[in-house]
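Take a look at the structure below.
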2 protein chains.
Amino acid sequence: MAETSDDAVLSDPAYRAAAIDLLAAITYGELSAFERLVDDAKLAPRLSDKIALERMAAAQFAVIDPLLARITELGAEPTEALAPFKEAFDDFHKQTAPSDFVEGLVKAFVGDALAADFYREIAVLLDEQTGALVRETLNREGQTDFIRDRVREAIADDPKIAGRLALWARRLMGEALAQAQHVAAERDALTGLLTSTADRPGLDLASLGAMFTRMTELHKARMEAVGLEP
Amino acid sequence: MAETSDDAVLSDPAYRAAAIDLLAAITYGELSAFERLVDDAKLAPRLSDKIALERMAAAQFAVIDPLLARITELGAEPTEALAPFKEAFDDFHKQTAPSDFVEGLVKAFVGDALAADFYREIAVLLDEQTGALVRETLNREGQTDFIRDRVREAIADDPKIAGRLALWARRLMGEALAQAQHVAAERDALTGLLTSTADRPGLDLASLGAMFTRMTELHKARMEAVGLEP
């Protein structure tokens, strides 16, 4: 039954274009996250943290090839599919260059968690195989724990940085939303995914609002968990 | 028989200190190489090259944990063992920051190959298990091929860069030797490894000279192979 439904969905060119766009955005985002994690590792005052972050980056890279393979399966040339997302991610990172190691950690923590929340929400709108692949890119819970613990530790060591980091996290969230809106405005196929058809569920305006509310609540809870005012 | 010999060698504290130093230098060098490869990937004009280099970097990271584990087995705390090598490698990379993507590729190609030549030479002086581990870090032949082909392609596309790149490769070699001498002067245990004892082979001044000659010859052959005057 699931297969019949997948076949129907996948034969729709608009759906395929949307799924390719989504996978391409995720892939470019993961490539960027990999690079930034290595950048941040270079700022680590402790060699053990440097190694831990680079190990984490190397392990996260494992998600890239399956994502590229699925883009090919859906009929696109991967590097062509990724190109339209370069600007938004590069601009985001240019606008949010961390000024020290802890800001880099907060950025990795916030960015990774927001991406994970988004993948979890969006996976239900995708065909079974693509949705499963998107969910698999989330399998790095233990890694986020390490970053969260190091942020918490840094704040415990020097509580006066909490104010600056809270503002920083808010700026990150703001810049991420700005770039997401920018992408949504330019990629009609992607936004079309949010609209339901006979063959697959979609999101109306109300459920889109509910999705953003859920993501914001999770972000607030995470900020409080590391000792930052959301 | 090999085991008996290994036991005798490993019970010598001077040998253990030397092997730890050597593994630590290799590990810090590999961590640095990982970071520089990702830096270089960021400069790639083509998205496909960016992905290829980052894939290579992520795969190379796999050598780190076995190296750290062997340092622990030999009785040292890995991050303490690595610390004395930070300055030499960081200085080398500060002195040789590539000004563009192709310079970064040449640096990765030259550096990786020199490291591989050195590992191959030095592995014979080590106890069996440590020597095997050092040889295993060499298992990335296919990766060097990719970099070599891209350098060759860049020169074919724009032959006038060959002169600049040849000078660049010579500077890299010079800086690498300067830092190696710096390390050798400071780490008595490491240079002690080069002297033979009853339990293990070593290098006298003549065989040390022969080793450098072999490494220089290999370097020259590689430069010619990519179209650069050695």
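If you're wondering about the labels, chains in the structure tokens are A, B, ... by order shown, residues count from 1 in each chain, ligands from 1 in order shown.
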| Check: which chain B residues lie within 7 Å of chain A using only C-alpha atoms, as a PyMOL selection string | chain B and resi 35+38+47-48+58+61+79
Give me a file of those residues, with C-alpha atoms, as a CSV table (one decimal), in the first residue's frame.
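Dumped to again_18.csv:
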chain,number,residue,atom,x,y,z
B,35,GLU,CA,41.6,21.1,8.9
B,38,VAL,CA,38.4,21.5,4.7
B,47,LEU,CA,30.8,22.4,-5.8
B,48,SER,CA,31.8,18.9,-7.0
B,58,ALA,CA,36.1,13.1,6.6
B,61,PHE,CA,39.9,11.5,10.0
B,79,THR,CA,46.4,15.3,24.5
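Using only C-alpha atoms, the protein and nucleic acid residues lying no more than 9 Å from A:Leu165, apart from those fewer than 5 places from it along its own chain, are Val102, Glu103, Val106, Arg170 and Leu228 of chain A.
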Limited to C-alpha atoms, could you put the picked residues into a file as a PDB file, in the first residue's frame?
ATOM      1  CA  VAL A 102      31.720  29.325  22.873  1.00  0.00           C
ATOM      2  CA  GLU A 103      29.762  31.391  20.342  1.00  0.00           C
ATOM      3  CA  VAL A 106      26.138  27.846  20.697  1.00  0.00           C
ATOM      4  CA  ARG A 170      18.426  35.201  19.358  1.00  0.00           C
ATOM      5  CA  LEU A 228      20.307  30.894  28.547  1.00  0.00           C
TER       6      LEU A 228
END
| field | Long-range neighbours of stretch 189-194 of chain B as an NGL selection string, 8 Å cut-off, only C-alpha atoms, 2 positions minimum in chain | value | :B and (14-15 or 17-19 or 21-22 or 125 or 184 or 187 or 196 or 202-204)
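Residues surrounding B:Leu172 within 8 Å are Thr96, Lys107, Val110 and Gly111 of chain B [only C-alpha atoms; sequence separation below 6 positions excluded].
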| Every residue of stretch 42-196 of chain A that DSSP places in alpha helix (DSSP H), as a PyMOL selection string | chain A and resi 42-43+47-60+64-73+78-82+86-95+101-123+128-136+141-157+161-186+188-192
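You will find atom CA of B:Met223 at 15.2 Å from atom CA of B:Ala115.
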